[in-house]
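Trainee: upload_17.pdb is the file, holding PDB, C-alpha atoms, pLDDT in the B column:
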```
ATOM      1  CA  GLY A 251       7.883 120.791 173.788  1.00 81.00           C
ATOM      2  CA  GLU A 252       6.822 123.532 171.437  1.00 88.00           C
ATOM      3  CA  ASN A 253       6.450 122.828 167.713  1.00 92.00           C
ATOM      4  CA  VAL A 254       6.190 125.634 165.158  1.00 95.00           C
ATOM      5  CA  GLU A 255       5.163 125.040 161.553  1.00 96.00           C
ATOM      6  CA  GLN A 256       5.599 127.714 158.890  1.00 97.00           C
ATOM      7  CA  HIS A 257       4.021 128.021 155.422  1.00 97.00           C
ATOM      8  CA  PRO A 258       4.738 128.470 152.622  1.00 97.00           C
ATOM      9  CA  SER A 259       8.387 127.459 152.347  1.00 96.00           C
ATOM     10  CA  THR A 260       8.851 129.694 149.299  1.00 97.00           C
ATOM     11  CA  LEU A 261       6.881 132.705 148.131  1.00 98.00           C
ATOM     12  CA  SER A 262       7.304 134.674 144.932  1.00 98.00           C
ATOM     13  CA  VAL A 263       5.474 137.991 144.598  1.00 98.00           C
ATOM     14  CA  GLN A 264       5.450 140.881 142.162  1.00 98.00           C
ATOM     15  CA  GLU A 265       6.880 144.139 143.450  1.00 98.00           C
ATOM     16  CA  GLY A 266       4.099 146.170 145.017  1.00 97.00           C
ATOM     17  CA  ASP A 267       1.963 143.157 145.898  1.00 98.00           C
ATOM     18  CA  SER A 268       1.399 141.847 149.412  1.00 98.00           C
ATOM     19  CA  ALA A 269       3.033 138.800 150.998  1.00 98.00           C
ATOM     20  CA  VAL A 270       1.605 136.695 153.811  1.00 98.00           C
ATOM     21  CA  ILE A 271       3.434 134.046 155.827  1.00 98.00           C
ATOM     22  CA  LYS A 272       1.579 131.852 158.300  1.00 98.00           C
ATOM     23  CA  CYS A 273       2.781 129.952 161.371  1.00 98.00           C
ATOM     24  CA  THR A 274       1.065 127.602 163.782  1.00 98.00           C
ATOM     25  CA  TYR A 275       2.293 126.628 167.233  1.00 97.00           C
ATOM     26  CA  SER A 276       1.430 123.762 169.550  1.00 94.00           C
ATOM     27  CA  ASP A 277       1.982 125.030 173.106  1.00 92.00           C
ATOM     28  CA  SER A 278      -1.031 127.039 174.273  1.00 92.00           C
ATOM     29  CA  ALA A 279       1.180 128.594 176.995  1.00 91.00           C
ATOM     30  CA  SER A 280       3.387 130.341 174.399  1.00 92.00           C
ATOM     31  CA  ASN A 281       3.098 134.100 174.775  1.00 91.00           C
ATOM     32  CA  TYR A 282       5.849 135.698 172.694  1.00 92.00           C
ATOM     33  CA  PHE A 283       6.042 135.498 168.893  1.00 95.00           C
ATOM     34  CA  PRO A 284       8.941 137.215 167.081  1.00 96.00           C
ATOM     35  CA  TRP A 285       9.696 137.325 163.370  1.00 98.00           C
ATOM     36  CA  TYR A 286      13.262 137.373 162.066  1.00 98.00           C
ATOM     37  CA  LYS A 287      14.504 138.328 158.610  1.00 98.00           C
ATOM     38  CA  GLN A 288      17.677 136.870 157.165  1.00 97.00           C
ATOM     39  CA  GLU A 289      19.064 138.430 154.007  1.00 97.00           C
ATOM     40  CA  LEU A 290      21.369 136.368 151.835  1.00 94.00           C
ATOM     41  CA  GLY A 291      24.694 135.802 153.569  1.00 92.00           C
ATOM     42  CA  LYS A 292      23.705 137.805 156.633  1.00 94.00           C
ATOM     43  CA  ARG A 293      22.623 137.076 160.180  1.00 96.00           C
ATOM     44  CA  PRO A 294      18.931 136.856 161.228  1.00 97.00           C
ATOM     45  CA  GLN A 295      17.543 140.107 162.623  1.00 96.00           C
ATOM     46  CA  LEU A 296      14.337 140.792 164.507  1.00 96.00           C
ATOM     47  CA  ILE A 297      11.835 142.768 162.434  1.00 97.00           C
ATOM     48  CA  ILE A 298       8.681 142.624 164.563  1.00 97.00           C
ATOM     49  CA  ASP A 299       7.277 140.736 167.518  1.00 95.00           C
ATOM     50  CA  ILE A 300       3.931 140.310 169.242  1.00 94.00           C
ATOM     51  CA  ARG A 301       2.868 139.191 172.681  1.00 90.00           C
ATOM     52  CA  SER A 302      -0.197 137.155 173.517  1.00 84.00           C
ATOM     53  CA  ASN A 303      -2.095 140.076 175.053  1.00 83.00           C
ATOM     54  CA  VAL A 304      -2.169 141.807 171.662  1.00 82.00           C
ATOM     55  CA  GLY A 305      -4.028 140.702 168.522  1.00 90.00           C
ATOM     56  CA  GLU A 306      -2.234 142.812 165.930  1.00 94.00           C
ATOM     57  CA  LYS A 307       0.849 144.980 165.638  1.00 94.00           C
ATOM     58  CA  LYS A 308       2.032 147.169 162.763  1.00 96.00           C
ATOM     59  CA  ASP A 309       5.313 148.780 161.856  1.00 94.00           C
ATOM     60  CA  GLN A 310       5.192 150.684 158.565  1.00 96.00           C
ATOM     61  CA  ARG A 311       4.731 148.077 155.811  1.00 97.00           C
ATOM     62  CA  ILE A 312       4.834 145.027 158.053  1.00 98.00           C
ATOM     63  CA  ALA A 313       2.177 143.728 160.419  1.00 98.00           C
ATOM     64  CA  VAL A 314       1.721 140.645 162.532  1.00 98.00           C
ATOM     65  CA  THR A 315      -1.575 139.133 163.640  1.00 97.00           C
ATOM     66  CA  LEU A 316      -2.143 136.578 166.375  1.00 96.00           C
ATOM     67  CA  ASN A 317      -5.070 134.219 166.899  1.00 95.00           C
ATOM     68  CA  LYS A 318      -4.563 132.562 170.271  1.00 94.00           C
ATOM     69  CA  THR A 319      -7.644 130.379 169.997  1.00 93.00           C
ATOM     70  CA  ALA A 320      -6.475 128.835 166.752  1.00 95.00           C
ATOM     71  CA  LYS A 321      -2.799 128.998 167.802  1.00 96.00           C
ATOM     72  CA  HIS A 322      -1.605 130.686 164.684  1.00 96.00           C
ATOM     73  CA  PHE A 323       0.074 133.957 163.788  1.00 97.00           C
ATOM     74  CA  SER A 324       0.887 135.607 160.487  1.00 98.00           C
ATOM     75  CA  LEU A 325       3.290 138.143 158.989  1.00 98.00           C
ATOM     76  CA  HIS A 326       1.908 140.563 156.403  1.00 98.00           C
ATOM     77  CA  ILE A 327       4.154 142.647 154.160  1.00 98.00           C
ATOM     78  CA  THR A 328       2.390 145.260 152.040  1.00 97.00           C
ATOM     79  CA  GLU A 329       3.718 147.090 148.972  1.00 98.00           C
ATOM     80  CA  THR A 330       6.630 144.673 148.688  1.00 98.00           C
ATOM     81  CA  GLN A 331       9.975 145.985 147.467  1.00 97.00           C
ATOM     82  CA  PRO A 332      13.065 144.148 146.165  1.00 96.00           C
ATOM     83  CA  GLU A 333      14.801 144.673 149.515  1.00 96.00           C
ATOM     84  CA  ASP A 334      12.086 142.535 151.145  1.00 98.00           C
ATOM     85  CA  SER A 335      13.604 139.496 149.384  1.00 98.00           C
ATOM     86  CA  ALA A 336      14.980 137.325 152.206  1.00 98.00           C
ATOM     87  CA  VAL A 337      14.238 134.303 154.357  1.00 97.00           C
ATOM     88  CA  TYR A 338      11.735 134.986 157.128  1.00 98.00           C
ATOM     89  CA  PHE A 339      11.501 132.906 160.316  1.00 97.00           C
ATOM     90  CA  CYS A 340       8.686 132.872 162.834  1.00 97.00           C
ATOM     91  CA  ALA A 341       9.272 131.697 166.395  1.00 96.00           C
ATOM     92  CA  ALA A 342       7.398 131.082 169.633  1.00 94.00           C
ATOM     93  CA  SER A 343       8.356 131.123 173.298  1.00 91.00           C
ATOM     94  CA  SER A 344       6.530 130.112 176.465  1.00 84.00           C
ATOM     95  CA  PRO A 345       7.175 131.328 180.035  1.00 78.00           C
ATOM     96  CA  ALA A 346       8.263 127.870 181.102  1.00 77.00           C
ATOM     97  CA  ALA A 347      10.969 127.969 178.448  1.00 75.00           C
ATOM     98  CA  GLY A 348      12.364 131.338 179.554  1.00 68.00           C
ATOM     99  CA  ASN A 349      13.864 133.047 176.540  1.00 70.00           C
ATOM    100  CA  LYS A 350      14.210 129.852 174.542  1.00 87.00           C
ATOM    101  CA  LEU A 351      12.703 130.250 171.085  1.00 92.00           C
ATOM    102  CA  THR A 352      11.344 127.499 168.833  1.00 93.00           C
ATOM    103  CA  PHE A 353      11.657 128.519 165.189  1.00 94.00           C
ATOM    104  CA  GLY A 354       9.612 127.610 162.145  1.00 95.00           C
ATOM    105  CA  GLY A 355      11.308 126.183 159.060  1.00 94.00           C
ATOM    106  CA  GLY A 356      11.544 129.534 157.269  1.00 96.00           C
ATOM    107  CA  THR A 357       9.986 131.112 154.173  1.00 97.00           C
ATOM    108  CA  ARG A 358      12.097 132.263 151.269  1.00 97.00           C
ATOM    109  CA  VAL A 359      10.471 135.372 149.807  1.00 98.00           C
ATOM    110  CA  LEU A 360      11.418 136.586 146.346  1.00 98.00           C
ATOM    111  CA  VAL A 361      10.108 139.952 145.199  1.00 98.00           C
ATOM    112  CA  LYS A 362      10.207 140.224 141.418  1.00 96.00           C
ATOM    113  CA  PRO A 363      10.664 143.718 139.959  1.00 92.00           C
TER     114      PRO A 363
ATOM    115  CA  ASP B 288      25.251 148.694 169.248  1.00 70.00           C
ATOM    116  CA  VAL B 289      25.161 145.001 170.123  1.00 68.00           C
ATOM    117  CA  LYS B 290      27.997 142.975 168.744  1.00 90.00           C
ATOM    118  CA  VAL B 291      28.080 139.193 168.594  1.00 96.00           C
ATOM    119  CA  THR B 292      31.142 137.712 166.952  1.00 96.00           C
ATOM    120  CA  GLN B 293      32.098 134.164 166.042  1.00 97.00           C
ATOM    121  CA  SER B 294      35.632 132.867 165.761  1.00 92.00           C
ATOM    122  CA  SER B 295      35.466 131.699 162.137  1.00 93.00           C
ATOM    123  CA  ARG B 296      33.215 132.330 159.120  1.00 95.00           C
ATOM    124  CA  TYR B 297      34.297 129.152 157.348  1.00 97.00           C
ATOM    125  CA  LEU B 298      35.823 125.979 158.765  1.00 97.00           C
ATOM    126  CA  VAL B 299      36.761 122.666 157.145  1.00 98.00           C
ATOM    127  CA  LYS B 300      37.501 119.710 159.410  1.00 97.00           C
ATOM    128  CA  ARG B 301      38.009 115.986 158.975  1.00 98.00           C
ATOM    129  CA  THR B 302      35.775 113.262 160.397  1.00 98.00           C
ATOM    130  CA  GLY B 303      36.749 112.442 163.964  1.00 97.00           C
ATOM    131  CA  GLU B 304      38.448 115.761 164.694  1.00 97.00           C
ATOM    132  CA  LYS B 305      37.546 117.794 167.785  1.00 97.00           C
ATOM    133  CA  VAL B 306      36.104 121.138 166.748  1.00 97.00           C
ATOM    134  CA  PHE B 307      35.757 124.327 168.792  1.00 97.00           C
ATOM    135  CA  LEU B 308      33.434 127.154 167.768  1.00 98.00           C
ATOM    136  CA  GLU B 309      33.609 130.280 169.851  1.00 97.00           C
ATOM    137  CA  CYS B 310      31.116 133.109 170.326  1.00 98.00           C
ATOM    138  CA  VAL B 311      31.691 136.431 172.084  1.00 98.00           C
ATOM    139  CA  GLN B 312      29.131 139.144 172.900  1.00 97.00           C
ATOM    140  CA  ASP B 313      29.798 142.615 174.241  1.00 95.00           C
ATOM    141  CA  MET B 314      26.385 143.559 175.673  1.00 92.00           C
ATOM    142  CA  ASP B 315      26.596 141.864 179.079  1.00 93.00           C
ATOM    143  CA  HIS B 316      23.757 139.514 178.061  1.00 93.00           C
ATOM    144  CA  GLU B 317      22.940 136.723 180.488  1.00 93.00           C
ATOM    145  CA  ASN B 318      21.613 134.291 177.868  1.00 93.00           C
ATOM    146  CA  MET B 319      23.624 132.757 175.065  1.00 95.00           C
ATOM    147  CA  PHE B 320      22.528 130.207 172.480  1.00 96.00           C
ATOM    148  CA  TRP B 321      23.942 127.902 169.821  1.00 98.00           C
ATOM    149  CA  TYR B 322      21.799 126.992 166.799  1.00 98.00           C
ATOM    150  CA  ARG B 323      22.401 125.077 163.639  1.00 97.00           C
ATOM    151  CA  GLN B 324      20.729 126.186 160.438  1.00 96.00           C
ATOM    152  CA  ASP B 325      19.866 123.719 157.681  1.00 94.00           C
ATOM    153  CA  PRO B 326      17.676 124.430 154.632  1.00 88.00           C
ATOM    154  CA  GLY B 327      13.997 123.790 155.334  1.00 84.00           C
ATOM    155  CA  LEU B 328      14.619 123.047 159.004  1.00 89.00           C
ATOM    156  CA  GLY B 329      14.913 126.592 160.274  1.00 90.00           C
ATOM    157  CA  LEU B 330      17.063 127.295 163.298  1.00 95.00           C
ATOM    158  CA  ARG B 331      17.367 124.387 165.698  1.00 95.00           C
ATOM    159  CA  LEU B 332      18.624 124.966 169.218  1.00 95.00           C
ATOM    160  CA  ILE B 333      21.620 122.876 170.244  1.00 97.00           C
ATOM    161  CA  TYR B 334      22.421 124.268 173.704  1.00 97.00           C
ATOM    162  CA  PHE B 335      21.817 127.423 175.645  1.00 94.00           C
ATOM    163  CA  SER B 336      23.221 129.037 178.773  1.00 95.00           C
ATOM    164  CA  TYR B 337      21.513 131.476 181.126  1.00 92.00           C
ATOM    165  CA  ASP B 338      24.538 132.167 183.308  1.00 91.00           C
ATOM    166  CA  VAL B 339      28.238 131.485 183.647  1.00 94.00           C
ATOM    167  CA  LYS B 340      28.936 127.763 184.021  1.00 93.00           C
ATOM    168  CA  MET B 341      25.244 126.986 183.453  1.00 93.00           C
ATOM    169  CA  LYS B 342      24.020 125.112 180.407  1.00 94.00           C
ATOM    170  CA  GLU B 343      20.864 123.445 179.216  1.00 93.00           C
ATOM    171  CA  LYS B 344      20.245 121.084 176.338  1.00 94.00           C
ATOM    172  CA  GLY B 345      18.236 122.327 173.426  1.00 93.00           C
ATOM    173  CA  ASP B 346      16.410 120.251 170.857  1.00 92.00           C
ATOM    174  CA  ILE B 347      19.415 118.576 169.186  1.00 95.00           C
ATOM    175  CA  PRO B 348      22.288 118.291 171.713  1.00 97.00           C
ATOM    176  CA  GLU B 349      23.581 114.889 170.618  1.00 97.00           C
ATOM    177  CA  GLY B 350      27.194 115.013 169.479  1.00 96.00           C
ATOM    178  CA  TYR B 351      27.781 118.482 170.946  1.00 98.00           C
ATOM    179  CA  SER B 352      28.900 119.989 174.235  1.00 98.00           C
ATOM    180  CA  VAL B 353      29.330 123.588 175.402  1.00 98.00           C
ATOM    181  CA  SER B 354      31.368 125.651 177.786  1.00 97.00           C
ATOM    182  CA  ARG B 355      30.700 129.018 179.391  1.00 97.00           C
ATOM    183  CA  GLU B 356      33.524 130.047 181.700  1.00 97.00           C
ATOM    184  CA  LYS B 357      33.001 133.797 181.232  1.00 97.00           C
ATOM    185  CA  LYS B 358      29.781 135.750 180.770  1.00 96.00           C
ATOM    186  CA  GLU B 359      30.740 137.107 177.365  1.00 97.00           C
ATOM    187  CA  ARG B 360      31.980 133.859 175.845  1.00 97.00           C
ATOM    188  CA  PHE B 361      30.123 130.678 174.860  1.00 98.00           C
ATOM    189  CA  SER B 362      31.874 127.803 173.127  1.00 98.00           C
ATOM    190  CA  LEU B 363      30.402 124.940 171.142  1.00 98.00           C
ATOM    191  CA  ILE B 364      32.432 121.740 171.003  1.00 98.00           C
ATOM    192  CA  LEU B 365      32.089 118.881 168.574  1.00 97.00           C
ATOM    193  CA  GLU B 366      33.889 116.052 170.374  1.00 94.00           C
ATOM    194  CA  SER B 367      34.300 113.922 167.251  1.00 97.00           C
ATOM    195  CA  ALA B 368      33.088 115.643 164.111  1.00 97.00           C
ATOM    196  CA  SER B 369      30.933 113.679 161.691  1.00 98.00           C
ATOM    197  CA  THR B 370      29.765 114.467 158.173  1.00 98.00           C
ATOM    198  CA  ASN B 371      26.170 114.962 159.352  1.00 97.00           C
ATOM    199  CA  GLN B 372      27.400 117.899 161.421  1.00 98.00           C
ATOM    200  CA  THR B 373      28.195 119.838 158.258  1.00 98.00           C
ATOM    201  CA  SER B 374      26.015 122.904 158.682  1.00 98.00           C
ATOM    202  CA  MET B 375      25.798 126.630 159.410  1.00 97.00           C
ATOM    203  CA  TYR B 376      26.226 127.327 163.128  1.00 98.00           C
ATOM    204  CA  LEU B 377      24.770 130.503 164.593  1.00 98.00           C
ATOM    205  CA  CYS B 378      25.393 131.927 168.029  1.00 98.00           C
ATOM    206  CA  ALA B 379      22.957 134.359 169.686  1.00 96.00           C
ATOM    207  CA  SER B 380      22.656 136.292 172.925  1.00 95.00           C
ATOM    208  CA  SER B 381      19.908 138.123 174.814  1.00 92.00           C
ATOM    209  CA  PHE B 382      18.942 139.576 178.171  1.00 88.00           C
ATOM    210  CA  SER B 383      17.500 137.151 180.662  1.00 79.00           C
ATOM    211  CA  HIS B 384      13.832 138.099 180.703  1.00 69.00           C
ATOM    212  CA  ALA B 385      11.496 136.096 178.502  1.00 66.00           C
ATOM    213  CA  GLY B 386      10.646 137.765 175.238  1.00 71.00           C
ATOM    214  CA  TYR B 387      13.815 139.770 174.713  1.00 81.00           C
ATOM    215  CA  GLU B 388      15.346 140.056 171.249  1.00 88.00           C
ATOM    216  CA  GLN B 389      18.064 137.578 170.402  1.00 93.00           C
ATOM    217  CA  TYR B 390      21.084 139.059 168.634  1.00 95.00           C
ATOM    218  CA  PHE B 391      22.826 136.724 166.247  1.00 97.00           C
ATOM    219  CA  GLY B 392      26.433 136.348 165.225  1.00 97.00           C
ATOM    220  CA  PRO B 393      27.465 136.141 161.551  1.00 96.00           C
ATOM    221  CA  GLY B 394      27.556 132.332 161.563  1.00 97.00           C
ATOM    222  CA  THR B 395      30.222 129.699 160.978  1.00 97.00           C
ATOM    223  CA  ARG B 396      29.835 127.440 157.969  1.00 97.00           C
ATOM    224  CA  LEU B 397      31.385 124.137 159.030  1.00 98.00           C
ATOM    225  CA  THR B 398      32.195 121.436 156.514  1.00 98.00           C
ATOM    226  CA  VAL B 399      33.212 118.012 157.793  1.00 98.00           C
ATOM    227  CA  THR B 400      34.882 115.806 155.182  1.00 97.00           C
TER     228      THR B 400
END
```
Before we go any further, please render this structure as C-alpha cells.
Mentor:
Amino acid sequence: GENVEQHPSTLSVQEGDSAVIKCTYSDSASNYFPWYKQELGKRPQLIIDIRSNVGEKKDQRIAVTLNKTAKHFSLHITETQPEDSAVYFCAASSPAAGNKLTFGGGTRVLVKP
Amino acid sequence: DVKVTQSSRYLVKRTGEKVFLECVQDMDHENMFWYRQDPGLGLRLIYFSYDVKMKEKGDIPEGYSVSREKKERFSLILESASTNQTSMYLCASSFSHAGYEQYFGPGTRLTVT
C-alpha cells in the first residue's frame, strides 16, 4: 500500500518568513495530493490540493509543488502570520484506492511574532 | 455548509468495556471514514465505507469493527476496549469520486483506563 513520509515534524519560523514542508510517497500510481491544516483543538480542514497532471498550484500565500518523477510534493507558505501556527498534514491517494487517503505524520508549525 | 458530528467529545471507559462511537453527516456523502490520531503518526485509517452496509478495512482495523445501517451514520465499535486504544478518533465523509475533499468531525478523545 501507499506510504507517505513528511518532514520536518516541527518547524519554527519568524513571522514574515517562509515555511516549507516536504512529503514523499511510495505509490507511483497516486494522483491526488491534498494538504490539511489542523489548528489546536479543531478538526483538520483542507487548505489546498494538487493533482498529478499539474506541477504547481497557488492560493494566495500558500502553494504546493509536485515532482512525480521523484515522488515528492511540498507545501510553501510565504509571509507567515501567527494564524498559520497549526499542524499540517499531507496525504496521497491512488485511483485503485478510490477516495482513501494515506496521511503523513504531520508537521507542527509555530510562527513566532 | 457540510456538517459532520460525533456523539461525544470526551469519553472515559474501562478496559474490557464495549465502546460505541457514532458519526453523522448531513451532506448525503457516500463515503465515510474512521481515523485515529496519535502524535507523530498522523491520521491512520481504521475502516471506511463507500455505501450503506458496505465496509472495508483500513490500515489498522484490529480491535475495531464498524456499522453503517443508514447513509448518514457510521459507527465505530471497540468490542473490548484496551489501554492502547486511548486516542483521538476522527470521523470524516466525502463524495464518492476519487480526489474529493474529506470533511472531518470534531473528534472524540477516548481514554481507556
Trainee: As a check of understanding, name the residues that the PyMOL selection byres ((chain A and resi 362) around 8) selects in the supplied structure, as a PyMOL selection string.
Mentor: chain A and resi 262-265+332+360-361+363
Trainee: Could those selected residues go to a file with C-alpha atoms, as a compact mmCIF listing (two decimals), in the coordinates of the input?
Mentor:
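part_21.txt written:
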```
# COMPACT_ATOMS: atom_id res chain seq x y z
CA SER A 262 7.30 134.67 144.93
CA VAL A 263 5.47 137.99 144.60
CA GLN A 264 5.45 140.88 142.16
CA GLU A 265 6.88 144.14 143.45
CA PRO A 332 13.06 144.15 146.16
CA LEU A 360 11.42 136.59 146.35
CA VAL A 361 10.11 139.95 145.20
CA PRO A 363 10.66 143.72 139.96
```
Trainee: Using only C-alpha atoms, find which residues of chain B lie within 12 Å of chain A and jot them down as a PyMOL selection string.
Mentor: chain B and resi 289-293+296+316-337+343-346+375-396
Trainee: Apply the PyMOL selection byres ((chain B and resi 362) around 7) to the file shown and report the selected residues as a list of chain:residue names.
Mentor: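 That selection, the PyMOL selection byres ((chain B and resi 362) around 7), comes back as B:Phe307, B:Leu308, B:Glu309, B:Cys310, B:Val353, B:Ser354, B:Arg355, B:Arg360, B:Phe361, B:Leu363, B:Ile364.
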Trainee: Determine the residue membership of the PyMOL selection byres ((chain A and resi 310-320) around 10) for the file above and supply it as a PyMOL selection string.
Mentor: chain A and resi 268-276+278-281+283-285+297-309+321-330
Trainee: Report, in Å with one decimal, the straight-line distance from atom CA of A:Val254 to atom CA of B:Ser374.
Mentor: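 About the pair atom CA of A:Val254 and atom CA of B:Ser374: they are 21.0 Å apart.
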